[in-house]
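Everything below concerns the one structure shown next.
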Amino acid sequence: MSKNTSFIDQTFSVIATILVKILPSSDREKQAFNFYRRGMAAQSDGEYSTALKNYYQSLLLYNIGLLHTNNGEHDRALEYYHQALERNPALPQALNNYLAEILFRKAEDYWKVAVDIAPLNYLEVQGWLKMRANK
């Protein structure tokens with residue numbers, strides 16, 4: 001288990017492992033769960049490339065999107081959120097992240113116009129725009 005894993009995470013992992021062993025599931029489903037678990041452990045340790053490799057193996061599209069978001073790769077993240085929504089339209093996390101990114105982009109466009117009109121105003125916004133440009 002991950003060195004950063006909390007007691008609740010450890011308990012969940014143990015219970016999930018037991019359930020995967022006793023519930024009827026295919027070898028493919030068990031393998032996907034193992035990739036998922038390894039991905040979560042790697043993500044908790046900050047090993048994002050290892051986490052991504054495991055998420056790709058388990059086809060956890062939402063988690064792949066999250067890691068791309070964390071790395072500032074918003075376009076790639078949106079692709080994975082969109083794919084996750086295609087497979088499960090009721091996935092609120094993916095929908096939320098997908099819509100949030102679209103709204104942030106619209107806000108960015110409006111703030112750029114406001115800064116162009118009044119360049120000496122909105123200093124905090126200018127910092128936010130620079131931060132977004134660097135991601």
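We name chains A, B, ... following the order of the structure tokens; residues begin at 1 in each chain, and ligands are numbered from 1 as shown.
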- request: Would you list the contacts of Gly39 in chain A as an MDAnalysis selection string, taking every protein, DNA or RNA residue within 9 Å and counting only C-alpha atoms, but skipping same-chain residues closer than 6 positions in sequence?
  value: chainID A and resid 47:48 50:55 58
message: Please return, as an MDAnalysis selection string, all residues of chain A that DSSP assigns to alpha helix (DSSP H) on the basis of the backbone.
response: chainID A and resid 7:22 27:44 48:58 61:70 74:87 92:117 123:134
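Using only C-alpha atoms, the shortest contact distance between Arg37 in chain A and any of A:Leu60, A:Ala107, A:Ser13, A:Tyr80 is found at A:Ser13.
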Show me, as a PDB file with N, CA and C atoms, in the first residue's frame, the residues that have an atom within 8 Å of His68 in chain A when counting only C-alpha atoms, minus same-chain residues fewer than 6 positions from it.
ATOM      1  N   HIS A  74      -5.168  20.632 -20.083  1.00  0.00           N
ATOM      2  CA  HIS A  74      -6.625  20.727 -20.029  1.00  0.00           C
ATOM      3  C   HIS A  74      -7.315  20.168 -21.262  1.00  0.00           C
ATOM      4  N   ARG A  76      -6.286  17.688 -23.200  1.00  0.00           N
ATOM      5  CA  ARG A  76      -6.264  16.219 -23.082  1.00  0.00           C
ATOM      6  C   ARG A  76      -7.227  15.752 -22.019  1.00  0.00           C
ATOM      7  N   ALA A  77      -7.287  16.467 -20.896  1.00  0.00           N
ATOM      8  CA  ALA A  77      -8.208  16.098 -19.819  1.00  0.00           C
ATOM      9  C   ALA A  77      -9.646  16.114 -20.321  1.00  0.00           C
TER      10      ALA A  77
END
query: Could you name the residues that touch Pro92 in chain A at 12 Å or less, counting only C-alpha atoms, but leaving out those on the same chain fewer than 5 positions away, as a VMD selection string?
result: chain A and resid 62 81 to 82 84 to 85 97 to 100
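Comparing A:Lys112, A:Arg87, A:Ile117, A:Leu59 by their smallest distance to Lys130 in chain A, the closest is A:Lys112 (using only C-alpha atoms).
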